[in-house]
Every structure is written in C-alpha cells, then in structure tokens.
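data-v9.txt follows (compact mmCIF, C-alpha atoms and all ligand atoms):
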# COMPACT_ATOMS: atom_id res chain seq x y z
CA MET A 12 8.07 6.26 2.33
CA ASN A 13 11.12 8.28 1.26
CA PHE A 14 11.87 11.72 2.61
CA THR A 15 13.52 14.19 0.23
CA GLU A 16 14.61 17.81 0.51
CA LYS A 17 11.22 18.98 -0.81
CA GLY A 18 9.08 16.69 1.33
CA VAL A 19 7.90 13.13 1.33
CA GLU A 20 7.55 10.83 -1.68
CA LEU A 21 4.07 9.31 -1.78
CA TYR A 22 2.89 6.38 -3.91
CA TYR A 23 -0.70 6.70 -4.98
CA ASP A 24 -3.67 5.25 -6.83
CA PHE A 25 -6.50 7.75 -7.24
CA HIS A 26 -8.66 5.68 -9.60
CA ILE A 27 -10.02 2.42 -8.18
CA HIS A 28 -13.44 0.80 -8.73
CA SER A 29 -15.17 -1.26 -6.08
CA CYS A 30 -18.01 -3.78 -6.33
CA LEU A 31 -20.39 -0.80 -6.39
CA SER A 32 -19.42 -0.07 -10.00
CA PRO A 33 -21.45 -2.33 -12.30
CA CYS A 34 -18.20 -3.23 -14.10
CA GLY A 35 -16.28 -3.74 -10.83
CA SER A 36 -15.57 -7.27 -9.68
CA ASP A 37 -17.43 -8.58 -6.60
CA GLU A 38 -14.06 -9.27 -4.97
CA MET A 39 -13.34 -5.51 -4.92
CA THR A 40 -14.89 -4.82 -1.54
CA PRO A 41 -13.80 -1.59 0.17
CA GLN A 42 -11.94 -3.68 2.76
CA MET A 43 -10.14 -5.72 0.07
CA ILE A 44 -9.11 -2.53 -1.75
CA VAL A 45 -7.56 -1.13 1.43
CA ASP A 46 -5.77 -4.42 2.11
CA CYS A 47 -4.43 -4.52 -1.47
CA ALA A 48 -3.23 -0.91 -1.26
CA LEU A 49 -1.39 -1.72 1.98
CA ALA A 50 0.11 -4.85 0.40
CA LYS A 51 1.35 -2.67 -2.49
CA GLU A 52 2.75 -0.21 0.09
CA LEU A 53 0.77 2.69 -1.34
CA ASP A 54 0.48 5.86 0.74
CA CYS A 55 -2.82 7.24 -0.55
CA ILE A 56 -5.73 6.01 -2.65
CA ALA A 57 -9.15 7.16 -3.80
CA LEU A 58 -12.21 5.00 -4.32
CA THR A 59 -13.82 6.17 -7.56
CA ASP A 60 -16.96 4.29 -8.57
CA HIS A 61 -19.03 5.44 -11.52
CA ASN A 62 -21.17 8.44 -10.51
CA ILE A 63 -21.35 7.39 -6.84
CA SER A 64 -19.36 7.51 -3.59
CA GLY A 65 -21.41 4.95 -1.65
CA ASN A 66 -18.58 2.58 -0.66
CA CYS A 67 -16.11 5.29 0.37
CA LEU A 68 -17.11 5.60 4.02
CA THR A 69 -16.59 1.86 4.53
CA ALA A 70 -13.09 2.07 3.01
CA ILE A 71 -12.22 5.14 5.09
CA ARG A 72 -13.44 3.52 8.32
CA TYR A 73 -11.60 0.28 7.55
CA ALA A 74 -8.37 2.23 6.93
CA GLU A 75 -8.54 4.04 10.27
CA GLY A 76 -5.41 3.30 12.30
CA LYS A 77 -3.64 1.95 9.19
CA ASP A 78 -0.82 3.71 7.34
CA LEU A 79 -2.94 4.65 4.32
CA ILE A 80 -4.90 7.79 3.42
CA VAL A 81 -8.19 6.98 1.68
CA PHE A 82 -9.95 9.76 -0.21
CA ALA A 83 -13.62 9.59 -1.00
CA GLY A 84 -14.23 10.04 -4.70
CA MET A 85 -16.15 9.10 -7.80
CA GLU A 86 -15.61 8.81 -11.54
CA LEU A 87 -18.16 11.23 -12.91
CA GLN A 88 -19.48 10.76 -16.45
CA THR A 89 -20.15 14.18 -17.93
CA ALA A 90 -22.84 15.15 -20.40
CA GLU A 91 -20.26 14.68 -23.18
CA GLU A 92 -19.55 11.07 -22.05
CA ILE A 93 -16.18 12.08 -20.62
CA HIS A 94 -14.94 10.44 -17.42
CA VAL A 95 -13.56 12.73 -14.73
CA ILE A 96 -12.06 11.60 -11.42
CA CYS A 97 -13.38 13.71 -8.54
CA ILE A 98 -11.68 13.32 -5.17
CA PHE A 99 -12.58 14.95 -1.87
CA PRO A 100 -10.68 15.63 1.35
CA ALA A 101 -13.46 14.21 3.54
CA ILE A 102 -16.50 11.96 3.20
CA ASP A 103 -19.04 14.74 3.76
CA ASN A 104 -17.70 16.72 0.79
CA ALA A 105 -18.05 13.63 -1.39
CA LEU A 106 -21.57 12.82 -0.22
CA ASN A 107 -22.74 16.40 -0.82
CA PHE A 108 -21.37 16.24 -4.36
CA GLU A 109 -22.88 12.78 -4.82
CA ALA A 110 -26.33 14.20 -4.02
CA TYR A 111 -25.78 16.85 -6.71
CA VAL A 112 -24.73 14.19 -9.22
CA LYS A 113 -27.65 11.93 -8.35
CA ALA A 114 -30.06 14.70 -9.30
CA ALA A 115 -28.18 15.07 -12.61
CA LEU A 116 -28.51 11.40 -13.62
CA PRO A 117 -31.41 10.02 -15.64
CA THR A 118 -33.58 7.92 -13.34
CA ILE A 119 -33.14 4.53 -14.95
CA LYS A 120 -32.99 1.27 -13.04
CA ASN A 121 -29.85 -0.80 -13.44
CA ASP A 122 -30.25 -4.00 -15.46
CA ILE A 123 -28.06 -6.41 -13.50
CA ARG A 124 -28.06 -9.05 -16.24
CA TYR A 125 -26.67 -6.60 -18.78
CA PHE A 126 -24.49 -4.22 -16.78
CA GLY A 127 -23.64 -6.21 -13.64
CA ASN A 128 -24.51 -5.80 -9.99
CA GLN A 129 -23.88 -2.65 -7.93
CA THR A 130 -23.20 -3.76 -4.36
CA CYS A 131 -22.93 -1.17 -1.63
CA ILE A 132 -21.25 -2.36 1.58
CA ARG A 133 -21.99 -0.41 4.73
CA PRO A 134 -19.33 0.01 7.45
CA ASP A 135 -21.17 -2.59 9.59
CA GLY A 136 -20.77 -5.17 6.81
CA THR A 137 -24.39 -5.26 5.67
CA THR A 138 -24.98 -4.80 1.96
CA TYR A 139 -27.61 -3.55 -0.45
CA GLU A 140 -28.01 -3.30 -4.19
CA GLU A 141 -27.89 0.24 -5.65
CA GLU A 142 -30.83 0.44 -8.04
CA GLN A 143 -29.94 3.61 -9.96
CA MET A 144 -28.17 2.77 -13.20
CA LEU A 145 -24.64 4.11 -12.73
CA SER A 146 -23.18 3.40 -16.20
CA VAL A 147 -24.72 6.49 -17.70
CA SER A 148 -23.93 10.13 -18.45
CA SER A 149 -24.98 12.86 -16.06
CA ASP A 150 -26.16 16.17 -17.50
CA ILE A 151 -23.14 17.96 -15.95
CA PRO A 152 -20.93 19.53 -18.64
CA LEU A 153 -17.13 19.28 -18.71
CA TYR A 154 -16.72 23.03 -19.00
CA GLY A 155 -17.14 24.55 -15.56
CA LEU A 156 -16.62 21.21 -13.84
CA TYR A 157 -13.35 22.14 -12.13
CA PRO A 158 -14.83 25.14 -10.25
CA LEU A 159 -18.00 23.15 -9.54
CA VAL A 160 -16.08 20.31 -7.86
CA SER A 161 -13.85 22.89 -6.11
CA SER A 162 -16.99 24.46 -4.62
CA TYR A 163 -17.55 21.09 -2.88
CA GLY A 164 -13.94 21.14 -1.65
CA GLY A 165 -12.85 18.55 -4.23
CA LEU A 166 -10.45 18.17 -7.10
CA ALA A 167 -11.61 17.24 -10.63
CA ILE A 168 -9.11 15.34 -12.78
CA PRO A 169 -10.10 14.27 -16.34
CA ALA A 170 -9.59 10.48 -16.47
CA HIS A 171 -7.50 8.39 -18.91
CA ILE A 172 -7.37 11.24 -21.43
CA ASP A 173 -5.53 9.06 -23.97
CA ARG A 174 -8.07 6.19 -23.99
CA THR A 175 -10.22 5.52 -27.05
CA SER A 176 -13.52 6.00 -25.22
CA PHE A 177 -15.00 8.13 -22.43
CA SER A 178 -12.05 10.52 -22.54
CA ILE A 179 -11.17 14.08 -23.51
CA GLY A 180 -8.92 12.64 -26.21
CA SER A 181 -11.59 10.41 -27.77
CA VAL A 182 -14.53 12.82 -27.47
CA LEU A 183 -12.90 16.23 -28.02
CA GLY A 184 -9.57 15.29 -29.60
CA VAL A 185 -7.77 18.17 -27.91
CA LEU A 186 -6.77 19.24 -24.44
CA ASP A 187 -5.98 22.80 -23.52
CA LYS A 188 -5.58 24.89 -20.42
CA ASP A 189 -8.82 26.80 -21.13
CA MET A 190 -10.73 23.70 -20.02
CA GLY A 191 -9.65 24.75 -16.52
CA PHE A 192 -8.03 21.57 -15.20
CA PRO A 193 -4.62 21.98 -13.50
CA LEU A 194 -3.89 18.28 -13.91
CA VAL A 195 -5.15 15.27 -15.83
CA GLU A 196 -4.90 11.50 -15.63
CA VAL A 197 -3.06 9.64 -18.37
CA TRP A 198 -3.54 5.95 -19.05
CA LYS A 199 -0.37 5.24 -21.06
CA ASP A 200 0.44 7.98 -23.54
CA PRO A 201 1.19 11.47 -22.14
CA THR A 202 1.41 13.20 -25.55
CA LEU A 203 -1.84 15.19 -25.18
CA ALA A 204 -0.94 16.38 -21.68
CA ASP A 205 2.62 17.25 -22.68
CA LYS A 206 1.41 19.22 -25.73
CA ALA A 207 -0.97 21.21 -23.53
CA GLY A 208 1.69 21.74 -20.86
CA ILE A 209 -0.60 20.21 -18.23
CA PRO A 210 0.87 17.92 -15.54
CA TYR A 211 -0.51 14.41 -15.25
CA ILE A 212 -0.88 11.52 -12.85
CA GLN A 213 -1.28 7.81 -13.66
CA SER A 214 -3.50 5.49 -11.66
CA SER A 215 -4.67 1.90 -12.07
CA ASP A 216 -8.39 2.21 -12.98
CA ALA A 217 -8.48 -1.26 -11.42
CA HIS A 218 -11.80 -3.11 -11.62
CA ASN A 219 -10.43 -6.35 -10.18
CA ILE A 220 -7.61 -7.47 -7.91
CA ASP A 221 -5.36 -8.72 -10.71
CA ALA A 222 -5.40 -5.29 -12.38
CA PHE A 223 -4.55 -3.72 -9.07
CA PHE A 224 -1.48 -5.89 -8.62
CA GLU A 225 -0.30 -5.81 -12.24
CA ARG A 226 -0.07 -2.03 -12.27
CA GLU A 227 3.19 -0.19 -11.80
CA TYR A 228 2.55 2.62 -9.32
CA HIS A 229 3.78 6.19 -9.47
CA SER A 230 4.70 8.78 -6.86
CA PHE A 231 4.81 12.51 -6.26
CA ILE A 232 6.39 14.70 -3.62
CA ALA A 233 4.18 16.33 -0.96
CA ARG A 234 5.23 18.51 1.93
CA GLU A 235 3.61 16.00 4.29
CA LYS A 236 1.55 12.82 4.24
CA SER A 237 -1.83 14.35 5.02
CA PRO A 238 -5.00 15.09 3.01
CA ASP A 239 -4.08 18.80 2.84
CA GLY A 240 -0.47 18.05 1.90
CA ILE A 241 -1.61 15.72 -0.87
CA PHE A 242 -4.26 18.12 -2.27
CA ASP A 243 -1.72 20.97 -2.30
CA ALA A 244 0.84 18.80 -4.06
CA LEU A 245 -1.65 17.65 -6.72
CA LYS A 246 -2.82 21.20 -7.44
CA ASN A 247 0.78 22.37 -7.84
CA LEU A 248 2.34 19.55 -9.86
CA SER A 249 4.54 20.77 -12.68
CA ALA A 250 4.21 19.78 -16.31
CA ASN A 251 7.01 17.88 -18.03
ZN ZN A 301 -13.28 5.69 -17.03
ZN ZN A 302 -12.57 4.06 -14.08
What does the file become when written as structure tokens?
Amino acid sequence: MNFTEKGVELYYDFHIHSCLSPCGSDEMTPQMIVDCALAKELDCIALTDHNISGNCLTAIRYAEGKDLIVFAGMELQTAEEIHVICIFPAIDNALNFEAYVKAALPTIKNDIRYFGNQTCIRPDGTTYEEEQMLSVSSDIPLYGLYPLVSSYGGLAIPAHIDRTSFSIGSVLGVLDKDMGFPLVEVWKDPTLADKAGIPYIQSSDAHNIDAFFEREYHSFIAREKSPDGIFDALKNLSAN
C-alpha cells in the first residue's frame, strides 16, 4: 500500500464471481477468493455473483482480521440484458437489495445440467444449492438504476461496457451522462467511456482462479483504506 500526497493507493477487484454463479467454477469458494485476493496483495474486493449476494457474508466473515476490505455485491442483469455491478458498504444493504432483486426475477428453477450448479456456502461451512435460476434478466430497467441502488446505500457501475454481450455498448451502442452513472467498468477498450467523459474502473470478472491470477490489477487513490473512503473515491473519480 503506497501513501501519496492525496491519500492511499488501493488495488482493487470489484467484479468477482464465486461458485454461487452458475458459470463460476466450484473452486471459487468465498474463502478461496479472499485468499487469492490476499495473495495478489489487493486492498479491496467485491463479490459479485449474478443477481444474488448469497456468498458475500461468508467472504466478509472470512476476511475479518485480514488486511482486505470485502464489499458485498452482485452483478445485476437489467431488463435490457445489461450487466451492472452493484456494491454495498455493508452486508445488510446488499441483502435488502437482493430481496428486491429476487422479487424482480422470473421464478424459474435452475437447470444444473445446462447452466451449472449454484452453490451457496454459509459462514459455518455448510452448503446448499440455490434453486432460483440466476442467469436471467430481472425486470429492473437500466434507467433509474443508479438512484435505486443508492437508495439501498450502494453504488451501481455498468459492467464491461465494451464487451460484445450483456453490456451498454452491445445493447445500446452509446453511453452518455444522462444514464446517471458517475463511473463505469471497462473490460479492455475505454473508448466509449472516454467519449462520454465518464471515469472508469477495470476489474477481473474472474470466474475461476486462473482468470483471477492472470489479470493485471489497477489502483485508485482514496483518502483512507475504509469502506467510506473507498466509496467516496469511486464516486469522485475523474474522467481521462
Ligand atoms: Zn457480466
Ligand atoms: Zn461478471
């Protein structure tokens, strides 16, 4: 951790899938994710499974006493099939939002053979299979999402906007400030964000351990290494 005149430089990964995502590898337990983040010397991470926050408490508990801030989160799929990272300062905020999202998902059972298993790991180590199909769009629209997530204390960040699917770029083709997001996540190409004058972050979107370790990590400056310091820094990043 480097200290600068403006604060502390923090390395982050705010987009990580655990074994609760149907597409997430079984090896991505909440405990393994925390251990990998520590091995990569990250300062802060968020666990962001598809439309659910069920493994976040286990990751947060496991990280207690360790030099890593773990945010509860999810990767919401909007009505337009756009992925948006939602991160929360505390587990209760995330679980309240999760209840709202659950009511906005079609009640379809997951088909394990087709989509993969969705394993939830409780803090005591016991597990269960989440039956709700998670690889599906909610009926929550993109427009109005930022204030909605803010009302739960969270931060909504459109995911991988330059990807060819499930992104603002692929679905809408444009990004502008009227959409209401003060920052976005870029996979590789920042052109859309730069054109719109919107700052961006870059995370791993890791679904397995190899992806986690292959990724080059990025940093930002926060006034302090705390959930509040990090949220303030993210909301006030400057565009290139
Ligand atoms: Zn995604
Ligand atoms: Zn993802």
Using all atoms listed in the file, which protein or nucleic acid residues come within 12 Å of region 244-249 of chain A? Drop anything in the same chain fewer than 6 positions from it, and give the result as a PyMOL selection string. chain A and resi 17-21+23+25+98+157+161+165-168+191-196+204-205+208-212+230-238
Residues up to 12 Å from ligand ZN 301 (chain A), counting only C-alpha atoms and all ligand atoms: could you list those as a CSV table (one decimal) with C-alpha atoms, keeping the file's coordinate frame?
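File written: selection25.csv
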chain,number,residue,atom,x,y,z
A,26,HIS,CA,-8.7,5.7,-9.6
A,27,ILE,CA,-10.0,2.4,-8.2
A,28,HIS,CA,-13.4,0.8,-8.7
A,32,SER,CA,-19.4,-0.1,-10.0
A,34,CYS,CA,-18.2,-3.2,-14.1
A,35,GLY,CA,-16.3,-3.7,-10.8
A,59,THR,CA,-13.8,6.2,-7.6
A,60,ASP,CA,-17.0,4.3,-8.6
A,61,HIS,CA,-19.0,5.4,-11.5
A,62,ASN,CA,-21.2,8.4,-10.5
A,85,MET,CA,-16.2,9.1,-7.8
A,86,GLU,CA,-15.6,8.8,-11.5
A,87,LEU,CA,-18.2,11.2,-12.9
A,88,GLN,CA,-19.5,10.8,-16.4
A,89,THR,CA,-20.2,14.2,-17.9
A,92,GLU,CA,-19.6,11.1,-22.0
A,93,ILE,CA,-16.2,12.1,-20.6
A,94,HIS,CA,-14.9,10.4,-17.4
A,95,VAL,CA,-13.6,12.7,-14.7
A,96,ILE,CA,-12.1,11.6,-11.4
A,97,CYS,CA,-13.4,13.7,-8.5
A,146,SER,CA,-23.2,3.4,-16.2
A,147,VAL,CA,-24.7,6.5,-17.7
A,148,SER,CA,-23.9,10.1,-18.4
A,168,ILE,CA,-9.1,15.3,-12.8
A,169,PRO,CA,-10.1,14.3,-16.3
A,170,ALA,CA,-9.6,10.5,-16.5
A,171,HIS,CA,-7.5,8.4,-18.9
A,172,ILE,CA,-7.4,11.2,-21.4
A,173,ASP,CA,-5.5,9.1,-24.0
A,174,ARG,CA,-8.1,6.2,-24.0
A,175,THR,CA,-10.2,5.5,-27.0
A,176,SER,CA,-13.5,6.0,-25.2
A,177,PHE,CA,-15.0,8.1,-22.4
A,178,SER,CA,-12.0,10.5,-22.5
A,179,ILE,CA,-11.2,14.1,-23.5
A,181,SER,CA,-11.6,10.4,-27.8
A,196,GLU,CA,-4.9,11.5,-15.6
A,197,VAL,CA,-3.1,9.6,-18.4
A,198,TRP,CA,-3.5,6.0,-19.0
A,214,SER,CA,-3.5,5.5,-11.7
A,215,SER,CA,-4.7,1.9,-12.1
A,216,ASP,CA,-8.4,2.2,-13.0
A,217,ALA,CA,-8.5,-1.3,-11.4
A,218,HIS,CA,-11.8,-3.1,-11.6
Computed interatomic separation between CA of Pro134 (chain A) and CA of Asp37 (chain A) (Å): 16.6 Å
Emit as JSON the padded axis-aligned box for all listed atoms of region 27-33 of chain A, 3 Å per side, with centre and edge lengths in Å to one decimal.
{"center_x": -15.7, "center_y": -0.7, "center_z": -9.2, "size_x": 17.4, "size_y": 12.2, "size_z": 12.2}
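The spacing separating CA of Ala83 (chain A) from CA of Asn107 (chain A) amounts to 11.4 Å.
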Would you list the contacts of Gln42 (chain A) as a ChimeraX atom specification, taking every protein, DNA or RNA residue within 9 Å and counting all atoms listed in the file, but skipping same-chain residues closer than 4 positions in sequence? /A:46-47,69-70,73-74
Same residues, C-alpha atoms, output as a JSON list (two decimals), in the coordinates of the input:
[["chain", "number", "residue", "atom", "x", "y", "z"],
["A", 46, "ASP", "CA", -5.77, -4.42, 2.11],
["A", 47, "CYS", "CA", -4.43, -4.52, -1.47],
["A", 69, "THR", "CA", -16.59, 1.86, 4.53],
["A", 70, "ALA", "CA", -13.09, 2.07, 3.01],
["A", 73, "TYR", "CA", -11.60, 0.28, 7.55],
["A", 74, "ALA", "CA", -8.37, 2.23, 6.93]]
Students should find that CA of Pro117 (chain A) and CA of Glu142 (chain A) are spaced 12.2 Å
I'd like to know which of A:Glu227, A:Ala110, A:Leu203, A:Gln213 is closest to ligand ZN 302 (chain A), using only C-alpha atoms and all ligand atoms. A:Gln213
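Among the candidates A:Ala105, A:Thr15, A:Pro33, A:Phe99, the residue lying nearest to ligand ZN 302 (chain A) is A:Pro33 (atoms considered: all atoms listed in the file).
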Within 9 Å of Leu49 (chain A), counting all atoms listed in the file, which residues show up once you throw out same-chain ones fewer than 5 positions away? Write them as a compact mmCIF listing (two decimals) with C-alpha atoms, in the coordinates of the input, please.
# COMPACT_ATOMS: atom_id res chain seq x y z
CA ILE A 44 -9.11 -2.53 -1.75
CA ASP A 54 0.48 5.86 0.74
CA LYS A 77 -3.64 1.95 9.19
CA ASP A 78 -0.82 3.71 7.34
CA LEU A 79 -2.94 4.65 4.32
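With distances restricted to only C-alpha atoms and all ligand atoms, A:Ile63 is the closest residue to ligand ZN 302 (chain A) from A:Ile63, A:Ala101, A:Ala48, A:Val112.
Nearest-residue note for Asp200 (chain A): choosing from A:Pro152, A:Gly164, A:Gly136, A:Gly180, the minimum distance belongs to A:Gly180, counting only C-alpha atoms.
For the choices A:Cys131, A:Ala115, A:Leu106, A:Leu53, the atom-to-atom distance to Ser149 (chain A) is smallest for A:Ala115 when using only C-alpha atoms.
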Exercise: Asp135 (chain A) partners within 10 Å, all atoms listed in the file, chain neighbours under 3 positions left out, as a PyMOL selection string: chain A and resi 69+72+132+138
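Between Tyr22 (chain A) and the candidates A:Tyr228, A:Phe82, A:Asp239, A:Ile220, the tightest atom-to-atom separation, counting only C-alpha atoms, involves A:Tyr228.
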